[in-house]
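Chemist: Coordinates in query31.cif, mmCIF, C-alpha atoms and all ligand atoms, are listed below.
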```cif
data_data
loop_
_atom_site.group_PDB
_atom_site.id
_atom_site.type_symbol
_atom_site.label_atom_id
_atom_site.label_comp_id
_atom_site.auth_asym_id
_atom_site.auth_seq_id
_atom_site.Cartn_x
_atom_site.Cartn_y
_atom_site.Cartn_z
ATOM 1 C CA MET R 6 0.000 0.000 0.000
ATOM 2 C CA ARG R 7 1.352 3.396 -1.024
ATOM 3 C CA VAL R 8 1.039 6.519 1.106
ATOM 4 C CA PHE R 9 1.300 9.847 -0.700
ATOM 5 C CA ARG R 10 1.353 13.253 0.923
ATOM 6 C CA VAL R 11 1.384 15.728 -1.956
ATOM 7 C CA PRO R 12 -0.801 15.717 -5.085
ATOM 8 C CA GLN R 13 2.222 15.496 -7.428
ATOM 9 C CA GLU R 14 3.017 12.029 -6.098
ATOM 10 C CA TRP R 15 -0.240 10.606 -7.488
ATOM 11 C CA ARG R 16 -0.742 9.682 -11.110
ATOM 12 C CA LYS R 17 -4.044 8.074 -11.979
ATOM 13 C CA PRO R 18 -3.424 4.603 -13.433
ATOM 14 C CA GLU R 19 -4.625 4.366 -17.008
ATOM 15 C CA GLY R 20 -7.522 2.121 -17.878
ATOM 16 C CA ALA R 21 -8.209 1.028 -14.300
ATOM 17 C CA ARG R 22 -11.399 1.988 -12.476
ATOM 18 C CA VAL R 23 -10.351 4.028 -9.444
ATOM 19 C CA GLY R 24 -12.585 4.021 -6.366
ATOM 20 C CA PHE R 25 -12.063 6.704 -3.728
ATOM 21 C CA VAL R 26 -13.040 6.834 -0.046
ATOM 22 C CA PRO R 27 -12.457 10.199 1.643
ATOM 23 C CA THR R 28 -12.194 10.102 5.455
ATOM 24 C CA MET R 29 -10.983 12.118 8.410
ATOM 25 C CA GLY R 30 -9.278 9.064 9.928
ATOM 26 C CA ALA R 31 -10.043 7.544 13.354
ATOM 27 C CA LEU R 32 -11.284 4.704 11.201
ATOM 28 C CA HIS R 33 -13.999 2.285 12.297
ATOM 29 C CA GLU R 34 -16.121 -0.400 10.645
ATOM 30 C CA GLY R 35 -18.279 2.267 8.958
ATOM 31 C CA HIS R 36 -15.272 3.586 7.040
ATOM 32 C CA LEU R 37 -13.997 0.079 6.365
ATOM 33 C CA SER R 38 -17.347 -0.950 4.874
ATOM 34 C CA LEU R 39 -16.961 1.840 2.288
ATOM 35 C CA MET R 40 -13.435 0.671 1.487
ATOM 36 C CA ARG R 41 -14.585 -2.944 1.154
ATOM 37 C CA GLN R 42 -17.349 -1.904 -1.238
ATOM 38 C CA ALA R 43 -14.848 0.124 -3.290
ATOM 39 C CA ARG R 44 -12.535 -2.915 -3.291
ATOM 40 C CA ARG R 45 -15.330 -5.095 -4.716
ATOM 41 C CA GLU R 46 -16.232 -2.591 -7.439
ATOM 42 C CA CYS R 47 -12.932 -1.028 -8.515
ATOM 43 C CA ALA R 48 -9.503 -2.147 -9.730
ATOM 44 C CA VAL R 49 -7.702 0.482 -7.665
ATOM 45 C CA VAL R 50 -8.842 1.785 -4.271
ATOM 46 C CA VAL R 51 -7.608 5.091 -2.893
ATOM 47 C CA ALA R 52 -8.541 6.411 0.558
ATOM 48 C CA SER R 53 -7.731 9.777 2.036
ATOM 49 C CA ILE R 54 -7.084 10.623 5.658
ATOM 50 C CA PHE R 55 -7.317 14.340 6.341
ATOM 51 C CA VAL R 56 -8.895 16.091 9.308
ATOM 52 C CA ASN R 57 -10.260 19.015 7.329
ATOM 53 C CA PRO R 58 -10.063 22.205 9.406
ATOM 54 C CA THR R 59 -12.429 24.168 7.166
ATOM 55 C CA GLN R 60 -15.429 21.983 7.988
ATOM 56 C CA PHE R 61 -15.159 22.577 11.748
ATOM 57 C CA GLY R 62 -16.751 25.617 13.395
ATOM 58 C CA PRO R 63 -14.686 27.801 15.732
ATOM 59 C CA ASN R 64 -16.155 26.126 18.837
ATOM 60 C CA GLU R 65 -16.056 22.584 17.489
ATOM 61 C CA ASP R 66 -13.657 19.719 18.126
ATOM 62 C CA TYR R 67 -10.980 20.208 15.427
ATOM 63 C CA GLU R 68 -8.101 20.268 17.923
ATOM 64 C CA ARG R 69 -9.241 17.249 19.901
ATOM 65 C CA TYR R 70 -10.540 15.217 16.939
ATOM 66 C CA PRO R 71 -8.999 11.719 17.342
ATOM 67 C CA ARG R 72 -5.900 11.123 15.200
ATOM 68 C CA ASP R 73 -3.994 7.830 14.936
ATOM 69 C CA GLU R 74 -2.403 7.608 11.529
ATOM 70 C CA ALA R 75 -0.391 4.443 12.119
ATOM 71 C CA GLU R 76 -3.503 2.501 13.165
ATOM 72 C CA ASP R 77 -5.561 4.017 10.306
ATOM 73 C CA LEU R 78 -2.946 2.953 7.734
ATOM 74 C CA ARG R 79 -2.929 -0.541 9.196
ATOM 75 C CA LEU R 80 -6.727 -0.728 8.870
ATOM 76 C CA CYS R 81 -6.654 0.564 5.272
ATOM 77 C CA GLU R 82 -4.098 -2.068 4.375
ATOM 78 C CA SER R 83 -6.175 -4.791 6.082
ATOM 79 C CA VAL R 84 -9.111 -4.174 3.712
ATOM 80 C CA GLY R 85 -6.976 -4.003 0.578
ATOM 81 C CA VAL R 86 -6.661 -0.250 -0.041
ATOM 82 C CA ASP R 87 -3.981 0.381 -2.690
ATOM 83 C CA ALA R 88 -3.030 3.951 -1.873
ATOM 84 C CA VAL R 89 -3.708 6.470 0.898
ATOM 85 C CA PHE R 90 -3.520 10.218 0.418
ATOM 86 C CA ALA R 91 -2.607 11.761 3.775
ATOM 87 C CA PRO R 92 -1.678 15.405 3.212
ATOM 88 C CA ASP R 93 -0.967 18.016 5.855
ATOM 89 C CA VAL R 94 -3.003 21.193 6.245
ATOM 90 C CA ARG R 95 -0.495 23.425 4.448
ATOM 91 C CA THR R 96 -0.492 21.130 1.431
ATOM 92 C CA MET R 97 -4.284 21.255 1.181
ATOM 93 C CA TYR R 98 -4.651 24.923 2.079
ATOM 94 C CA PRO R 99 -1.617 27.008 1.106
ATOM 95 C CA ARG R 100 -4.186 29.801 0.861
ATOM 96 C CA ARG R 101 -7.881 29.886 1.591
ATOM 97 C CA THR R 102 -8.998 32.104 -1.245
ATOM 98 C CA THR R 103 -11.332 29.767 -3.140
ATOM 99 C CA VAL R 104 -14.431 28.108 -1.715
ATOM 100 C CA VAL R 105 -16.831 25.678 -3.368
ATOM 101 C CA ALA R 106 -20.295 26.378 -1.966
ATOM 102 C CA VAL R 107 -23.549 24.580 -2.701
ATOM 103 C CA ARG R 108 -26.728 26.544 -2.046
ATOM 104 C CA GLY R 109 -30.189 25.329 -1.105
ATOM 105 C CA VAL R 110 -29.675 21.781 0.074
ATOM 106 C CA THR R 111 -27.049 23.028 2.562
ATOM 107 C CA GLU R 112 -29.311 25.482 4.318
ATOM 108 C CA ARG R 113 -31.362 23.421 6.744
ATOM 109 C CA TRP R 114 -30.397 20.925 9.475
ATOM 110 C CA GLU R 115 -26.631 20.497 9.741
ATOM 111 C CA GLY R 116 -26.125 23.638 7.667
ATOM 112 C CA ALA R 117 -28.204 25.664 10.115
ATOM 113 C CA PHE R 118 -26.550 24.228 13.237
ATOM 114 C CA ARG R 119 -23.015 24.258 11.813
ATOM 115 C CA PRO R 120 -22.619 27.446 9.748
ATOM 116 C CA GLY R 121 -19.897 27.080 7.130
ATOM 117 C CA HIS R 122 -19.599 23.319 7.640
ATOM 118 C CA PHE R 123 -20.755 22.305 4.175
ATOM 119 C CA ASP R 124 -18.586 24.922 2.449
ATOM 120 C CA GLY R 125 -15.641 23.197 4.115
ATOM 121 C CA VAL R 126 -16.895 19.778 3.033
ATOM 122 C CA THR R 127 -17.541 20.687 -0.604
ATOM 123 C CA THR R 128 -14.276 22.611 -0.912
ATOM 124 C CA VAL R 129 -12.189 19.729 0.390
ATOM 125 C CA VAL R 130 -14.102 17.069 -1.566
ATOM 126 C CA ALA R 131 -13.765 19.092 -4.786
ATOM 127 C CA LYS R 132 -10.016 19.387 -4.189
ATOM 128 C CA LEU R 133 -9.706 15.678 -3.376
ATOM 129 C CA PHE R 134 -11.645 14.748 -6.529
ATOM 130 C CA HIS R 135 -9.301 16.885 -8.646
ATOM 131 C CA ILE R 136 -6.234 15.352 -6.994
ATOM 132 C CA VAL R 137 -7.293 11.677 -7.018
ATOM 133 C CA GLN R 138 -9.452 11.785 -10.189
ATOM 134 C CA PRO R 139 -11.606 8.843 -9.110
ATOM 135 C CA ASP R 140 -14.138 7.103 -11.332
ATOM 136 C CA ALA R 141 -16.300 6.333 -8.302
ATOM 137 C CA ALA R 142 -16.434 7.841 -4.806
ATOM 138 C CA TYR R 143 -17.938 6.237 -1.703
ATOM 139 C CA PHE R 144 -19.814 8.075 1.040
ATOM 140 C CA GLY R 145 -21.822 6.886 4.038
ATOM 141 C CA LEU R 146 -25.560 7.484 4.288
ATOM 142 C CA LYS R 147 -24.905 8.081 7.993
ATOM 143 C CA ASP R 148 -24.169 11.652 6.876
ATOM 144 C CA LEU R 149 -27.305 11.922 4.774
ATOM 145 C CA GLN R 150 -27.232 15.651 4.112
ATOM 146 C CA GLN R 151 -23.560 15.422 3.139
ATOM 147 C CA CYS R 152 -24.577 12.853 0.496
ATOM 148 C CA ALA R 153 -27.260 15.214 -0.850
ATOM 149 C CA VAL R 154 -24.822 18.146 -0.910
ATOM 150 C CA ILE R 155 -22.073 16.232 -2.689
ATOM 151 C CA ARG R 156 -24.559 14.825 -5.201
ATOM 152 C CA ARG R 157 -25.616 18.394 -5.983
ATOM 153 C CA MET R 158 -22.017 19.608 -6.291
ATOM 154 C CA VAL R 159 -21.120 16.750 -8.646
ATOM 155 C CA GLU R 160 -24.164 17.469 -10.821
ATOM 156 C CA ASP R 161 -23.796 21.243 -10.817
ATOM 157 C CA LEU R 162 -20.042 21.262 -11.510
ATOM 158 C CA ASN R 163 -20.004 18.239 -13.859
ATOM 159 C CA PHE R 164 -17.521 16.170 -11.920
ATOM 160 C CA PRO R 165 -17.010 12.925 -13.886
ATOM 161 C CA VAL R 166 -17.442 10.847 -10.728
ATOM 162 C CA GLU R 167 -20.001 8.159 -10.000
ATOM 163 C CA LEU R 168 -21.269 8.516 -6.437
ATOM 164 C CA ARG R 169 -21.918 5.449 -4.321
ATOM 165 C CA PHE R 170 -23.821 5.903 -1.066
ATOM 166 C CA CYS R 171 -23.446 3.087 1.461
ATOM 167 C CA ALA R 172 -25.605 1.887 4.352
ATOM 168 C CA THR R 173 -24.890 2.998 7.910
ATOM 169 C CA VAL R 174 -22.886 0.522 9.963
ATOM 170 C CA ARG R 175 -24.154 0.247 13.547
ATOM 171 C CA GLU R 176 -22.936 -1.105 16.856
ATOM 172 C CA PRO R 177 -24.820 -4.209 18.044
ATOM 173 C CA ASP R 178 -27.165 -2.002 20.133
ATOM 174 C CA GLY R 179 -28.038 0.152 17.107
ATOM 175 C CA LEU R 180 -25.825 3.197 17.711
ATOM 176 C CA ALA R 181 -24.454 4.414 14.369
ATOM 177 C CA MET R 182 -20.676 4.097 14.366
ATOM 178 C CA SER R 183 -18.879 7.419 14.496
ATOM 179 C CA SER R 184 -15.357 8.577 15.301
ATOM 180 C CA ARG R 185 -16.945 10.881 17.865
ATOM 181 C CA ASN R 186 -18.587 8.042 19.838
ATOM 182 C CA ARG R 187 -15.314 7.682 21.701
ATOM 183 C CA TYR R 188 -16.017 11.026 23.407
ATOM 184 C CA LEU R 189 -19.040 9.473 25.202
ATOM 185 C CA THR R 190 -18.660 8.488 28.866
ATOM 186 C CA SER R 191 -19.712 4.907 29.567
ATOM 187 C CA GLU R 192 -23.017 6.137 31.020
ATOM 188 C CA GLU R 193 -23.656 8.304 27.921
ATOM 189 C CA ARG R 194 -22.640 5.428 25.673
ATOM 190 C CA ARG R 195 -25.323 3.244 27.279
ATOM 191 C CA ARG R 196 -27.965 5.904 26.753
ATOM 192 C CA ALA R 197 -26.843 6.769 23.215
ATOM 193 C CA SER R 198 -28.429 3.641 21.738
ATOM 194 C CA SER R 199 -31.907 4.945 22.537
ATOM 195 C CA LEU R 200 -31.544 7.443 19.674
ATOM 196 C CA TYR R 201 -31.768 4.655 17.101
ATOM 197 C CA ARG R 202 -34.554 2.905 19.036
ATOM 198 C CA ALA R 203 -36.566 6.129 19.205
ATOM 199 C CA LEU R 204 -36.154 6.685 15.459
ATOM 200 C CA CYS R 205 -37.309 3.134 14.729
ATOM 201 C CA GLU R 206 -40.364 3.606 16.934
ATOM 202 C CA CYS R 207 -41.206 6.867 15.203
ATOM 203 C CA ARG R 208 -40.924 5.103 11.860
ATOM 204 C CA SER R 209 -43.308 2.328 12.970
ATOM 205 C CA GLU R 210 -45.872 4.895 14.078
ATOM 206 C CA ALA R 211 -45.596 6.738 10.778
ATOM 207 C CA ALA R 212 -45.850 3.511 8.808
ATOM 208 C CA GLU R 213 -49.075 2.732 10.691
ATOM 209 C CA GLY R 214 -50.482 5.959 9.289
ATOM 210 C CA ARG R 215 -50.150 8.389 12.216
ATOM 211 C CA SER R 216 -49.772 12.028 11.243
ATOM 212 C CA LEU R 217 -46.084 12.801 10.741
ATOM 213 C CA ALA R 218 -46.289 15.894 12.927
ATOM 214 C CA ILE R 219 -47.567 13.741 15.796
ATOM 215 C CA THR R 220 -44.842 11.115 15.325
ATOM 216 C CA LEU R 221 -42.249 13.912 15.442
ATOM 217 C CA ASP R 222 -43.703 15.468 18.610
ATOM 218 C CA ARG R 223 -43.638 12.074 20.270
ATOM 219 C CA VAL R 224 -40.091 11.161 19.282
ATOM 220 C CA ARG R 225 -38.829 14.572 20.362
ATOM 221 C CA MET R 226 -40.514 14.145 23.754
ATOM 222 C CA ARG R 227 -39.124 10.673 24.135
ATOM 223 C CA LEU R 228 -35.592 11.798 23.286
ATOM 224 C CA GLU R 229 -35.805 14.674 25.749
ATOM 225 C CA GLN R 230 -37.011 12.286 28.450
ATOM 226 C CA GLU R 231 -33.972 10.110 27.747
ATOM 227 C CA GLY R 232 -31.747 13.115 28.439
ATOM 228 C CA PHE R 233 -30.928 14.216 24.900
ATOM 229 C CA ALA R 234 -31.035 17.852 23.812
ATOM 230 C CA VAL R 235 -32.693 17.697 20.402
ATOM 231 C CA ASP R 236 -31.276 19.949 17.659
ATOM 232 C CA TYR R 237 -33.766 18.627 15.101
ATOM 233 C CA VAL R 238 -35.807 15.618 14.151
ATOM 234 C CA ALA R 239 -37.659 15.619 10.826
ATOM 235 C CA TRP R 240 -39.101 13.593 7.996
ATOM 236 C CA ILE R 241 -37.396 14.738 4.806
ATOM 237 C CA ASP R 242 -36.951 14.152 1.097
ATOM 238 C CA PRO R 243 -33.347 12.905 0.753
ATOM 239 C CA GLN R 244 -32.769 14.635 -2.600
ATOM 240 C CA THR R 245 -33.710 18.155 -1.512
ATOM 241 C CA MET R 246 -33.502 17.711 2.287
ATOM 242 C CA ASP R 247 -36.835 19.560 2.482
ATOM 243 C CA PRO R 248 -39.314 18.427 5.149
ATOM 244 C CA VAL R 249 -42.251 16.361 3.926
ATOM 245 C CA ASP R 250 -45.741 16.181 5.371
ATOM 246 C CA ARG R 251 -46.646 12.955 3.578
ATOM 247 C CA LEU R 252 -44.447 9.906 3.290
ATOM 248 C CA LYS R 253 -43.018 8.742 -0.009
ATOM 249 C CA GLU R 254 -41.040 5.583 -0.713
ATOM 250 C CA ASP R 255 -37.688 7.327 -0.264
ATOM 251 C CA SER R 256 -38.582 9.541 2.736
ATOM 252 C CA ARG R 257 -36.105 9.465 5.604
ATOM 253 C CA LEU R 258 -36.250 10.375 9.259
ATOM 254 C CA ILE R 259 -33.243 12.452 10.339
ATOM 255 C CA ALA R 260 -32.164 13.593 13.792
ATOM 256 C CA ALA R 261 -29.374 15.429 15.548
ATOM 257 C CA VAL R 262 -29.126 15.372 19.334
ATOM 258 C CA ARG R 263 -26.636 16.292 21.999
ATOM 259 C CA LEU R 264 -25.726 14.096 24.925
ATOM 260 C CA GLY R 265 -23.383 15.800 27.373
ATOM 261 C CA GLY R 266 -20.846 17.476 25.123
ATOM 262 C CA VAL R 267 -21.269 15.042 22.246
ATOM 263 C CA ARG R 268 -23.404 15.640 19.191
ATOM 264 C CA LEU R 269 -24.899 12.578 17.504
ATOM 265 C CA ILE R 270 -26.597 12.458 14.115
ATOM 266 C CA ASP R 271 -28.508 9.575 12.634
ATOM 267 C CA ASN R 272 -31.172 8.815 10.038
ATOM 268 C CA ILE R 273 -33.250 5.880 8.863
ATOM 269 C CA GLY R 274 -35.239 5.162 5.733
ATOM 270 C CA LEU R 275 -38.890 4.267 5.735
ATOM 271 C CA HIS R 276 -38.120 0.785 4.403
ATOM 272 C CA GLU R 277 -34.537 -0.004 5.341
ATOM 273 C CA ASP R 278 -32.000 -0.454 8.158
HETATM 274 P P1 LIG O 301 -15.615 10.938 8.341
HETATM 275 O O1 LIG O 301 -14.280 10.320 8.634
HETATM 276 O O2 LIG O 301 -16.476 11.120 9.547
HETATM 277 O O3 LIG O 301 -15.504 12.176 7.487
HETATM 278 O O4 LIG O 301 -16.387 9.884 7.444
HETATM 279 C C1 LIG O 301 -15.855 9.441 6.229
HETATM 280 C C2 LIG O 301 -16.908 8.684 5.474
HETATM 281 O O5 LIG O 301 -17.345 7.556 6.246
HETATM 282 C C3 LIG O 301 -18.164 9.537 5.218
HETATM 283 O O6 LIG O 301 -18.635 9.268 3.911
HETATM 284 C C4 LIG O 301 -19.114 9.033 6.269
HETATM 285 O O7 LIG O 301 -20.481 9.190 5.919
HETATM 286 C C5 LIG O 301 -18.746 7.571 6.335
HETATM 287 N N1 LIG O 301 -19.204 6.975 7.600
HETATM 288 C C6 LIG O 301 -19.006 7.458 8.846
HETATM 289 N N2 LIG O 301 -19.617 6.679 9.768
HETATM 290 C C7 LIG O 301 -20.239 5.685 9.073
HETATM 291 C C8 LIG O 301 -21.043 4.568 9.444
HETATM 292 N N3 LIG O 301 -21.362 4.312 10.721
HETATM 293 N N4 LIG O 301 -21.513 3.766 8.460
HETATM 294 C C9 LIG O 301 -21.213 4.015 7.156
HETATM 295 N N5 LIG O 301 -20.439 5.049 6.745
HETATM 296 C C10 LIG O 301 -19.958 5.875 7.688
#
```
Mind turning the file's structure into structure tokens?
Modeler:
Amino acid sequence: MRVFRVPQEWRKPEGARVGFVPTMGALHEGHLSLMRQARRECAVVVASIFVNPTQFGPNEDYERYPRDEAEDLRLCESVGVDAVFAPDVRTMYPRRTTVVAVRGVTERWEGAFRPGHFDGVTTVVAKLFHIVQPDAAYFGLKDLQQCAVIRRMVEDLNFPVELRFCATVREPDGLAMSSRNRYLTSEERRRASSLYRALCECRSEAAEGRSLAITLDRVRMRLEQEGFAVDYVAWIDPQTMDPVDRLKEDSRLIAAVRLGGVRLIDNIGLHED
């Protein structure tokens, strides 16, 4: 497995389908599932490990975000990644004069609670796409709005990249895997699994035909009783991220909550997970 740290060290192999998995490291089974899918579908698999400062707000966890490059490289190698791009911040951002910004689909939910976050995401993903030149790129549905935003960027800016969105990998108790789960105390970790359970219950009620507004009031109340501070919980259209008042086949239930100092996001489809 090759590790490259500057764009000039990478030359796209000719005639081979290149699959790309961008990450911020602190790898877990969720990341590895994307790499395994890329491995099945592509001749060459490239991952990136870069904790992207521009997608963190001023009061967020950029400084304390978990970093363990040696372990991450070992994990990449274990699932058959061919090359890892692991640049430093000065390589990626010698200046910060150009920003790629998607409008509309970025405005609600994470965009509202984390101003500037998606500009950081789209800028770094656009740069990574130009550097790696993948044929296919793999993203987790765990970050549903990120998927919608990147889909829009790829369409609007004509990136020649096929996007592959992959199912959320969960702990045995249902908690969606996340690099930030390690910030939870053991007591918070026990309680964290009720987020997924509450979402599943809300989905069952909606599937039985209850009014969506009522299912949302109930899940919000339940989450607050469990000790979560609820940033949002909503039924949405995953293409536009707009709220829906009637369910369609592809509707999804999204939520962001805080437990102690840790923010958790999750989402489920009407018919999956
Ligand atoms: P991150 O390192 O948090 O930027 O995540 C890198 C990629 O892994 C993103 O496309 C995430 O959506 C994806 N990812 C993170 N957690 C999970 C998970 N539990 N299941 C599937 N994909 C995930």
Chemist: Go through the shown structure with the PyMOL selection byres (((not hetatm)) within 8 of (chain O and resi 301)) and write out the matching residues as a PyMOL selection string.
Modeler: chain R and resi 26-36+38-39+54+56+143-149+151-152+170-175+181-184
Chemist: Residues at most 9 Å from Ala141 (chain R), counting all atoms listed in the file, excluding those fewer than 3 positions away in the same chain, as a list in words?
Modeler: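 These residues fall inside the cut-off: Arg22, Val23, Gly24, Phe25, Val26, Ala43, Glu46, Cys47, Gln138, Pro165, Val166, Glu167, Leu168 and Arg169 of chain R.
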Chemist: Just to confirm, what's the straight-line distance from CA of Leu189 (chain R) to CA of Asn64 (chain R) in Å (one decimal)?
Modeler: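 CA of Asn64 (chain R) lies 18.1 Å from CA of Leu189 (chain R).
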Chemist: Work out how far apart CA of Glu254 (chain R) and CA of Ile155 (chain R) are and give it in Å to one decimal.
Modeler: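 Interatomic distance here is 21.8 Å.
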Chemist: I'd like the interatomic distance between CA of Arg263 (chain R) and CA of Met158 (chain R), to a tenth of an Å.
Modeler: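 Going from CA of Arg263 (chain R) over to CA of Met158 (chain R), I get 28.9 Å.
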Chemist: Show me, as a compact mmCIF listing (two decimals) with C-alpha atoms, in the coordinates of the input, the residues that have an atom within 9 Å of Ala203 (chain R) when counting only C-alpha atoms, minus same-chain residues fewer than 6 positions from it.
Modeler:
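Result written to part39.txt:
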```
# COMPACT_ATOMS: atom_id res chain seq x y z
CA VAL R 224 -40.09 11.16 19.28
CA ARG R 225 -38.83 14.57 20.36
CA ARG R 227 -39.12 10.67 24.14
CA LEU R 228 -35.59 11.80 23.29
```
Chemist: Can you tell me which residues surround Arg108 (chain R) at a distance of at most 12 Å, considering all atoms listed in the file, apart from same-chain residues fewer than 5 positions away, and format the answer as a ChimeraX atom specification?
Modeler: /R:113,116,121,123-124,127,153-155,157-158,161,245-246
Chemist: Got a sec: who's within 10 Å of Gly85 (chain R), counting only C-alpha atoms, leaving out chain neighbours fewer than 3 positions off, as a list in words?
Modeler: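 Within the cut-off, the hits are Met6, Leu37, Met40, Arg41, Ala43, Arg44, Arg45, Val49, Val50, Val51, Leu80, Cys81, Glu82 and Ala88 of chain R.
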